[in-house]
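Asker: So that you have it, the file is final-v2.txt, and it contains compact mmCIF, C-alpha atoms and all ligand atoms:
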```
# COMPACT_ATOMS: atom_id res chain seq x y z
CA MET A 92 2.53 75.10 164.16
CA ASN A 93 5.26 72.88 165.48
CA THR A 94 6.63 70.44 162.93
CA PRO A 95 8.56 67.46 164.29
CA SER A 96 12.27 68.00 163.72
CA HIS A 97 12.77 64.61 162.07
CA GLU A 98 11.05 65.94 158.96
CA TYR A 99 14.11 68.13 158.47
CA SER A 100 16.70 65.44 159.01
CA MET A 101 17.99 62.62 156.88
CA LYS A 102 20.45 59.76 157.02
CA ALA A 103 23.87 60.24 155.46
CA ALA A 104 27.09 58.24 155.55
CA VAL A 105 29.83 60.08 157.40
CA LEU A 106 33.47 59.03 157.40
CA VAL A 107 34.70 58.40 160.95
CA LYS A 108 38.31 57.17 160.94
CA ASN A 109 38.34 53.89 159.00
CA LYS A 110 34.62 53.34 158.75
CA VAL A 111 31.45 55.12 157.78
CA GLU A 112 28.62 55.74 160.18
CA LEU A 113 25.09 56.63 159.24
CA LYS A 114 24.23 59.90 160.94
CA ASP A 115 21.14 62.06 161.14
CA ILE A 116 21.96 65.37 159.57
CA ASP A 117 19.88 68.30 158.36
CA ILE A 118 18.37 68.06 154.91
CA PRO A 119 20.15 70.83 152.97
CA LYS A 120 18.08 73.95 152.36
CA VAL A 121 17.20 74.39 148.69
CA GLY A 122 18.11 77.82 147.34
CA ASN A 123 16.48 79.59 144.39
CA ASN A 124 18.89 78.10 141.88
CA GLU A 125 19.30 74.68 143.46
CA VAL A 126 17.76 71.24 143.22
CA LEU A 127 17.23 68.50 145.80
CA VAL A 128 17.50 64.90 144.58
CA ARG A 129 16.35 61.77 146.41
CA MET A 130 19.18 59.27 146.00
CA LYS A 131 18.00 56.04 144.38
CA ALA A 132 21.34 54.38 143.62
CA CYS A 133 25.00 55.20 144.14
CA GLY A 134 28.02 53.08 143.28
CA ILE A 135 30.95 52.40 145.57
CA CYS A 136 34.20 53.42 143.92
CA GLY A 137 37.80 52.34 144.49
CA SER A 138 38.53 55.91 145.54
CA ASP A 139 35.88 55.61 148.29
CA LEU A 140 37.72 52.53 149.55
CA GLU A 141 40.98 54.48 149.42
CA LYS A 142 39.36 57.27 151.47
CA VAL A 143 38.02 54.84 154.08
CA PHE A 144 40.75 52.20 154.27
CA GLY A 145 43.82 53.81 152.70
CA LYS A 146 45.60 57.09 152.09
CA TYR A 147 43.75 59.22 149.59
CA GLY A 148 45.65 62.15 148.11
CA MET A 149 42.87 64.23 146.57
CA LYS A 150 40.96 66.98 148.32
CA SER A 151 37.56 65.45 149.05
CA SER A 152 36.78 63.02 151.85
CA ARG A 153 33.08 62.67 150.96
CA ILE A 154 31.91 59.13 150.41
CA GLY A 155 29.92 58.23 147.30
CA HIS A 156 30.10 60.23 144.12
CA GLU A 157 28.25 58.10 141.59
CA PRO A 158 24.63 58.92 142.45
CA ALA A 159 21.42 58.87 140.47
CA GLY A 160 17.97 59.71 141.76
CA GLU A 161 14.77 61.61 141.48
CA ILE A 162 14.18 65.33 141.83
CA VAL A 163 12.02 66.07 144.87
CA LYS A 164 12.41 69.82 145.26
CA LEU A 165 13.43 72.71 143.02
CA GLY A 166 14.35 76.32 143.64
CA ALA A 167 11.98 78.93 142.24
CA SER A 168 14.34 79.91 139.42
CA ILE A 169 14.79 76.42 138.01
CA LYS A 170 13.07 76.08 134.66
CA ASP A 171 14.91 73.22 132.97
CA PHE A 172 13.89 70.47 135.39
CA LYS A 173 10.74 69.41 137.18
CA LYS A 174 9.76 67.39 140.22
CA GLY A 175 9.96 63.66 139.54
CA ASP A 176 12.66 63.95 136.86
CA ARG A 177 15.05 60.98 136.93
CA VAL A 178 18.57 62.33 136.93
CA PHE A 179 22.27 61.57 137.05
CA VAL A 180 24.20 63.89 139.34
CA HIS A 181 27.79 64.76 138.51
CA HIS A 182 29.58 65.86 141.67
CA HIS A 183 32.45 67.74 139.99
CA VAL A 184 32.00 70.30 137.23
CA PRO A 185 34.64 72.59 135.73
CA CYS A 186 34.41 76.32 135.00
CA TYR A 187 35.05 76.08 131.25
CA SER A 188 36.83 79.44 131.35
CA CYS A 189 40.22 78.96 133.03
CA HIS A 190 43.62 78.10 131.56
CA PHE A 191 43.14 74.39 132.36
CA CYS A 192 39.67 74.26 130.81
CA TYR A 193 40.89 76.07 127.66
CA ASN A 194 43.45 73.29 127.33
CA ASP A 195 40.77 70.58 127.78
CA ASP A 196 42.25 69.59 131.15
CA PHE A 197 38.81 69.93 132.71
CA THR A 198 39.50 67.66 135.66
CA MET A 199 42.50 69.81 136.57
CA CYS A 200 40.31 72.92 136.86
CA GLU A 201 40.35 74.38 140.38
CA LYS A 202 36.56 74.63 140.30
CA TYR A 203 36.23 71.03 139.13
CA GLN A 204 38.19 69.76 142.09
CA THR A 205 36.47 71.95 144.68
CA SER A 206 32.87 71.78 143.42
CA ASN A 207 30.71 69.09 144.99
CA ILE A 208 27.27 67.94 145.93
CA ASP A 209 25.94 68.35 149.46
CA PRO A 210 26.58 66.25 151.47
CA CYS A 211 27.63 63.23 149.32
CA GLY A 212 26.28 60.35 147.26
CA LEU A 213 25.63 58.06 150.21
CA SER A 214 22.85 60.18 151.58
CA GLU A 215 19.04 60.07 151.45
CA PHE A 216 18.89 63.44 149.76
CA ILE A 217 21.49 65.28 147.71
CA LEU A 218 21.60 69.01 147.12
CA VAL A 219 22.83 69.97 143.67
CA PRO A 220 24.26 73.47 144.16
CA HIS A 221 23.80 76.29 141.67
CA TRP A 222 27.37 75.94 140.43
CA ASN A 223 26.91 72.28 139.45
CA LEU A 224 23.54 73.03 137.87
CA SER A 225 24.84 75.96 135.85
CA LYS A 226 27.73 73.91 134.46
CA GLY A 227 25.78 70.85 133.35
CA GLY A 228 26.20 68.72 136.47
CA LEU A 229 22.58 67.49 136.47
CA ILE A 230 21.49 65.35 133.54
CA ARG A 231 18.05 63.87 132.86
CA LEU A 232 18.22 60.10 132.34
CA PRO A 233 16.89 58.43 129.21
CA ASP A 234 13.89 56.18 130.01
CA ASN A 235 15.78 52.99 129.23
CA ILE A 236 18.52 53.59 131.81
CA ASP A 237 17.39 52.53 135.27
CA PHE A 238 18.86 53.91 138.49
CA SER A 239 21.30 51.04 139.08
CA GLN A 240 22.66 51.38 135.56
CA ALA A 241 22.80 55.14 136.05
CA ALA A 242 25.05 54.59 139.06
CA LEU A 243 27.58 53.15 136.59
CA ILE A 244 27.69 56.30 134.45
CA GLU A 245 30.42 58.11 136.38
CA PRO A 246 32.92 55.22 136.63
CA ILE A 247 32.37 54.22 132.99
CA ALA A 248 32.94 57.84 131.98
CA CYS A 249 36.23 57.82 133.91
CA CYS A 250 37.32 54.69 132.00
CA LEU A 251 36.23 56.24 128.73
CA ARG A 252 38.39 59.26 129.46
CA SER A 253 41.40 57.07 130.12
CA LEU A 254 40.80 55.21 126.82
CA ASN A 255 40.19 58.45 124.90
CA LYS A 256 43.58 59.63 126.18
CA VAL A 257 45.45 56.57 124.96
CA ASP A 258 43.67 56.88 121.60
CA LEU A 259 43.18 53.18 121.11
CA LYS A 260 43.98 52.05 117.58
CA LYS A 261 42.13 49.14 115.98
CA ALA A 262 43.79 45.78 116.59
CA ALA A 263 45.69 47.08 119.59
CA THR A 264 47.01 44.67 122.17
CA ILE A 265 46.04 45.67 125.66
CA VAL A 266 47.01 44.63 129.15
CA ILE A 267 44.73 45.59 131.99
CA PHE A 268 46.15 45.33 135.49
CA GLY A 269 43.39 44.95 138.07
CA ALA A 270 40.22 42.95 137.37
CA GLY A 271 37.99 45.09 139.57
CA PRO A 272 34.96 47.01 138.31
CA THR A 273 36.97 49.66 136.43
CA GLY A 274 39.33 47.03 135.00
CA LEU A 275 36.32 45.24 133.55
CA MET A 276 34.76 48.48 132.32
CA HIS A 277 38.02 49.16 130.46
CA MET A 278 37.85 45.59 129.13
CA ILE A 279 34.31 45.97 127.78
CA LEU A 280 35.06 49.39 126.26
CA ALA A 281 38.39 48.29 124.76
CA ARG A 282 36.71 45.32 123.08
CA PHE A 283 34.06 47.64 121.68
CA PHE A 284 36.74 50.01 120.36
CA GLY A 285 38.37 47.16 118.47
CA ALA A 286 41.18 45.83 120.64
CA SER A 287 42.27 42.48 119.25
CA LYS A 288 44.05 41.04 122.25
CA ILE A 289 43.16 41.80 125.83
CA LEU A 290 45.15 40.40 128.73
CA LEU A 291 43.77 40.81 132.24
CA VAL A 292 46.10 40.55 135.23
CA ASP A 293 45.13 40.22 138.88
CA VAL A 294 45.77 38.15 142.01
CA ASN A 295 42.06 37.46 142.55
CA SER A 296 40.89 34.31 140.77
CA PHE A 297 37.21 35.04 141.43
CA ARG A 298 37.52 38.31 139.57
CA LEU A 299 39.54 36.86 136.69
CA GLU A 300 36.96 34.09 136.19
CA PHE A 301 34.17 36.63 136.46
CA ALA A 302 35.79 38.66 133.66
CA ARG A 303 36.15 35.60 131.48
CA LYS A 304 32.42 34.95 131.69
CA ILE A 305 31.81 38.43 130.28
CA ASP A 306 34.44 38.22 127.53
CA GLN A 307 35.47 34.69 126.56
CA GLN A 308 38.23 35.95 124.26
CA ILE A 309 40.36 37.55 126.93
CA GLU A 310 43.46 35.95 128.36
CA VAL A 311 44.00 36.11 132.10
CA ILE A 312 47.06 35.73 134.27
CA ASN A 313 46.85 35.27 138.01
CA VAL A 314 50.09 36.81 139.31
CA ALA A 315 49.67 35.66 142.91
CA ASN A 316 53.02 34.11 143.93
CA MET A 317 54.38 34.49 140.40
CA GLN A 318 57.99 35.47 139.70
CA GLU A 319 58.66 38.48 137.45
CA ASP A 320 60.29 36.51 134.65
CA GLU A 321 57.47 33.99 134.57
CA PHE A 322 54.92 36.80 134.32
CA ARG A 323 56.89 38.39 131.51
CA ARG A 324 57.24 35.13 129.61
CA LYS A 325 53.53 34.25 129.96
CA SER A 326 52.28 37.67 128.96
CA LEU A 327 54.58 37.96 125.93
CA GLU A 328 53.49 34.49 124.84
CA PHE A 329 50.01 35.93 124.43
CA LEU A 330 50.84 39.48 123.34
CA GLY A 331 53.69 38.70 121.00
CA ASN A 332 57.32 39.60 121.64
CA ASN A 333 56.88 43.35 121.27
CA GLY A 334 54.57 43.51 124.28
CA SER A 335 51.38 45.54 124.65
CA ASP A 336 50.48 48.66 122.68
CA VAL A 337 48.62 49.93 125.71
CA SER A 338 48.77 48.96 129.37
CA ILE A 339 46.12 50.19 131.75
CA VAL A 340 46.86 50.15 135.45
CA CYS A 341 43.46 49.89 137.16
CA THR A 342 44.84 49.17 140.60
CA SER A 343 46.73 51.12 143.23
CA ASN A 344 49.18 48.23 143.48
CA ILE A 345 52.74 49.46 142.77
CA SER A 346 54.03 46.18 141.40
CA ALA A 347 51.35 46.32 138.68
CA PHE A 348 52.78 49.65 137.54
CA ILE A 349 56.32 48.27 137.58
CA GLN A 350 55.18 45.24 135.57
CA SER A 351 53.47 47.51 133.05
CA LEU A 352 56.82 49.22 132.36
CA SER A 353 58.38 45.94 131.41
CA ILE A 354 55.68 44.53 129.11
CA THR A 355 54.54 47.68 127.29
CA ARG A 356 56.08 47.80 123.82
CA ARG A 357 58.58 50.42 122.66
CA GLY A 358 56.61 53.62 121.97
CA GLY A 359 53.63 52.23 123.86
CA ILE A 360 51.33 53.90 126.33
CA ILE A 361 50.62 53.27 130.00
CA SER A 362 47.42 54.65 131.48
CA LEU A 363 47.79 55.27 135.18
CA PHE A 364 44.16 54.94 136.22
CA GLY A 365 44.02 53.38 139.71
CA VAL A 366 44.62 55.95 142.44
CA PRO A 367 48.08 55.38 143.95
CA PRO A 368 48.17 55.90 147.72
CA LYS A 369 49.53 59.27 148.78
CA ASP A 370 53.34 59.52 149.02
CA THR A 371 53.88 56.43 146.87
CA GLU A 372 57.47 56.34 145.65
CA VAL A 373 58.79 54.02 142.97
CA ASN A 374 62.28 53.22 141.87
CA ILE A 375 62.34 53.22 138.09
CA ASP A 376 65.05 53.31 135.47
CA LEU A 377 64.51 56.61 133.66
CA ASN A 378 66.85 55.51 130.91
CA MET A 379 64.52 52.61 130.17
CA ILE A 380 61.48 54.97 129.97
CA TYR A 381 63.48 57.20 127.62
CA SER A 382 64.91 54.54 125.37
CA LYS A 383 61.57 52.74 125.10
CA GLU A 384 59.75 56.07 124.61
CA LEU A 385 57.10 54.96 127.08
CA LYS A 386 54.25 57.42 127.50
CA ILE A 387 52.74 57.41 130.97
CA LEU A 388 49.33 59.07 131.01
CA PRO A 389 47.53 59.44 134.33
CA SER A 390 43.76 59.79 134.03
CA TYR A 391 41.83 61.33 136.89
CA ALA A 392 38.00 61.38 136.90
CA ALA A 393 35.76 62.37 133.99
CA SER A 394 34.46 65.52 132.38
CA GLU A 395 30.99 66.23 130.99
CA LYS A 396 32.17 65.13 127.57
CA GLU A 397 32.73 61.53 128.69
CA ILE A 398 29.60 61.59 130.87
CA HIS A 399 27.48 62.39 127.81
CA GLN A 400 29.35 59.85 125.68
CA THR A 401 28.67 57.21 128.32
CA ILE A 402 24.97 58.02 128.57
CA ALA A 403 24.71 57.81 124.77
CA LEU A 404 26.47 54.43 124.74
CA MET A 405 24.23 53.12 127.52
CA GLU A 406 21.07 54.45 125.92
CA ALA A 407 21.96 52.75 122.63
CA LYS A 408 22.37 49.45 124.53
CA ILE A 409 25.52 48.71 122.55
CA MET A 410 27.42 47.41 125.54
CA ASN A 411 26.05 45.74 128.62
CA PHE A 412 27.65 46.81 131.87
CA GLU A 413 24.90 45.52 134.13
CA PRO A 414 26.49 42.10 134.80
CA LEU A 415 29.21 44.01 136.68
CA ILE A 416 26.74 44.77 139.47
CA THR A 417 27.05 41.85 141.89
CA HIS A 418 25.63 43.35 145.08
CA LYS A 419 23.13 45.93 146.21
CA PHE A 420 23.08 47.20 149.79
CA PRO A 421 20.55 49.60 151.30
CA LEU A 422 21.94 52.94 152.50
CA ARG A 423 21.74 51.87 156.16
CA ASP A 424 24.26 49.08 155.42
CA SER A 425 26.79 51.39 153.76
CA ASN A 426 29.67 50.37 156.00
CA GLU A 427 29.04 46.67 155.37
CA ALA A 428 28.96 47.42 151.64
CA LEU A 429 32.32 49.22 151.84
CA VAL A 430 33.89 46.36 153.80
CA HIS A 431 32.51 43.88 151.29
CA ALA A 432 33.87 45.90 148.36
CA HIS A 433 37.23 46.22 150.10
CA GLN A 434 37.55 42.46 150.65
CA ALA A 435 36.67 41.84 146.99
CA LYS A 436 36.15 38.12 147.66
CA ASP A 437 32.97 37.64 145.68
CA SER A 438 32.07 41.13 144.52
CA MET A 439 32.48 43.29 141.49
CA LYS A 440 30.51 46.54 141.43
CA ILE A 441 28.54 47.28 144.59
CA ILE A 442 25.60 49.66 144.47
CA ILE A 443 23.99 51.40 147.42
CA THR A 444 20.25 51.85 147.08
CA SER A 445 17.79 54.10 148.86
CA GLY A 446 15.84 51.17 150.38
ZN ZN B 1 34.77 56.97 141.19
ZN ZN B 2 38.31 75.72 134.64
```
Mind turning the file's structure into structure tokens?
Answerer:
Amino acid sequence: MNTPSHEYSMKAAVLVKNKVELKDIDIPKVGNNEVLVRMKACGICGSDLEKVFGKYGMKSSRIGHEPAGEIVKLGASIKDFKKGDRVFVHHHVPCYSCHFCYNDDFTMCEKYQTSNIDPCGLSEFILVPHWNLSKGGLIRLPDNIDFSQAALIEPIACCLRSLNKVDLKKAATIVIFGAGPTGLMHMILARFFGASKILLVDVNSFRLEFARKIDQQIEVINVANMQEDEFRRKSLEFLGNNGSDVSIVCTSNISAFIQSLSITRRGGIISLFGVPPKDTEVNIDLNMIYSKELKILPSYAASEKEIHQTIALMEAKIMNFEPLITHKFPLRDSNEALVHAHQAKDSMKIIITSG
């Protein structure tokens, strides 16, 4: 019997130069040890914007890596899941048996960086390959986490990893550069972990005001058209003369990193979280880094540990991240959603839905 070919094809976002186009591609074939998930929600990440509009240095050029959905098809050997299961899909999973994994540098594992879902998060269906399944890359969602919330799991886990690295002490003073979605996730988490003073820095007044509605105790500084010494004076007025215990750079903006060097206290920590564009060079005084004993800790992506921590935090409803979602776009409007996220005029987290 002849089956119409469209039953085998699906829509998926494909990166074409500086935009994404929705193309008809084949639905991936599901092997014995694989699972096919119907995408229900997938967040747009700053790294997606960097891939589309900027210069992204990492290996993958797939768009969308924060998907959640529903299992529609399983390979014959799959016993742990069933059709209809609501799941979070983690696109990268490490091997747990290499030198990097033994040293807990899971996101540096070769397998972590090369493993992926097929084709990407911005797609009607997503194949979870055997490798991802065998290493814990498919996780059943608790009933009280809906798909939109589940699309926040991956970015929150990334922020959690960055905060775990800086080992936030109680009563720490924190500066967050970049009031985008991950800046605000850091803000919510840092408050939960006991930060006493949080200063948020950006050039976007919509986003700074948005943040203040979520946490009325934060201080904000809009650095648009602000001289360095004025920024330093204003921030130290709030932080105290020592400066911040921890500075988190949640933007790819170089001047934010430079500013973090000047207002982080002696012995303090800088988390380099926002993805700097490829080939970014900065002129910094190494003597100053040395004499201030500044610790610069880049944090790339998240491992299963933080994914599970995040799901537990969300399930317990201790923190509410949902207000961060300002827009939902259907898959067919993916490019519009990316442009909207890139302009950042009135948006925080943007979620793509299956509709
Ligand atoms: Zn991301
Ligand atoms: Zn490994």
Asker: As an exercise, work out the distance from CA of Phe322 (chain A) to CA of Phe284 (chain A) in Å and give it to one decimal place.
Answerer: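 We find that CA of Phe322 (chain A) and CA of Phe284 (chain A) lie 26.5 Å from each other.
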Asker: Go through A:Ala393, A:Val340, A:Ile305, A:Leu232 one by one, measure the shortest atom-to-atom distance of each to ligand ZN 1 (chain B) using all atoms listed in the file, and give the residue with the smallest value.
Answerer: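 The closest residue to ligand ZN 1 (chain B) is A:Ala393.
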Asker: Mind listing whatever residues come within 9 Å of the point (45.9, 36.2, 129.9)? Use all atoms listed in the file, file coordinates, and give them as a list in words.
Answerer: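 It turns out the residues near that spot are Val266, Ile289, Leu290, Leu291, Val292, Ile309, Glu310, Val311, Ile312, Asn313, Lys325, Ser326, Phe329 and Leu330 of chain A.
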Asker: Step by step, measure atom-to-atom distances between ligand ZN 1 (chain B) and each residue using only C-alpha atoms and all ligand atoms, keep those at most 6 Å, then write them as a list in words.
Answerer: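 Selection of residues at most 6 Å from ligand ZN 1 (chain B): Cys136, Ser138 and Pro246 of chain A.
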Asker: Out of A:Ile442, A:Leu251, A:Cys192, A:Leu165, which residue has the shortest atom-to-atom distance to ligand ZN 2 (chain B) when counting all atoms listed in the file?
Answerer: A:Cys192
Asker: Around ligand ZN 2 (chain B), which protein and nucleic acid residues have at least one atom no more than 9 Å from it, if we count only C-alpha atoms and all ligand atoms? List them as a list in words.
Answerer: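 The distance check yields Val184, Pro185, Cys186, Tyr187, Ser188, Cys189, His190, Phe191, Cys192, Tyr193, Asp195, Asp196, Phe197, Thr198, Met199, Cys200, Glu201, Lys202 and Tyr203 of chain A.
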Asker: Nearest residue to His181 (chain A) out of A:Ala241, A:Val111, A:Val430, A:Val314, using only C-alpha atoms?
Answerer: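 Comparing A:Ala241, A:Val111, A:Val430, A:Val314 against His181 (chain A), the winner is A:Ala241.
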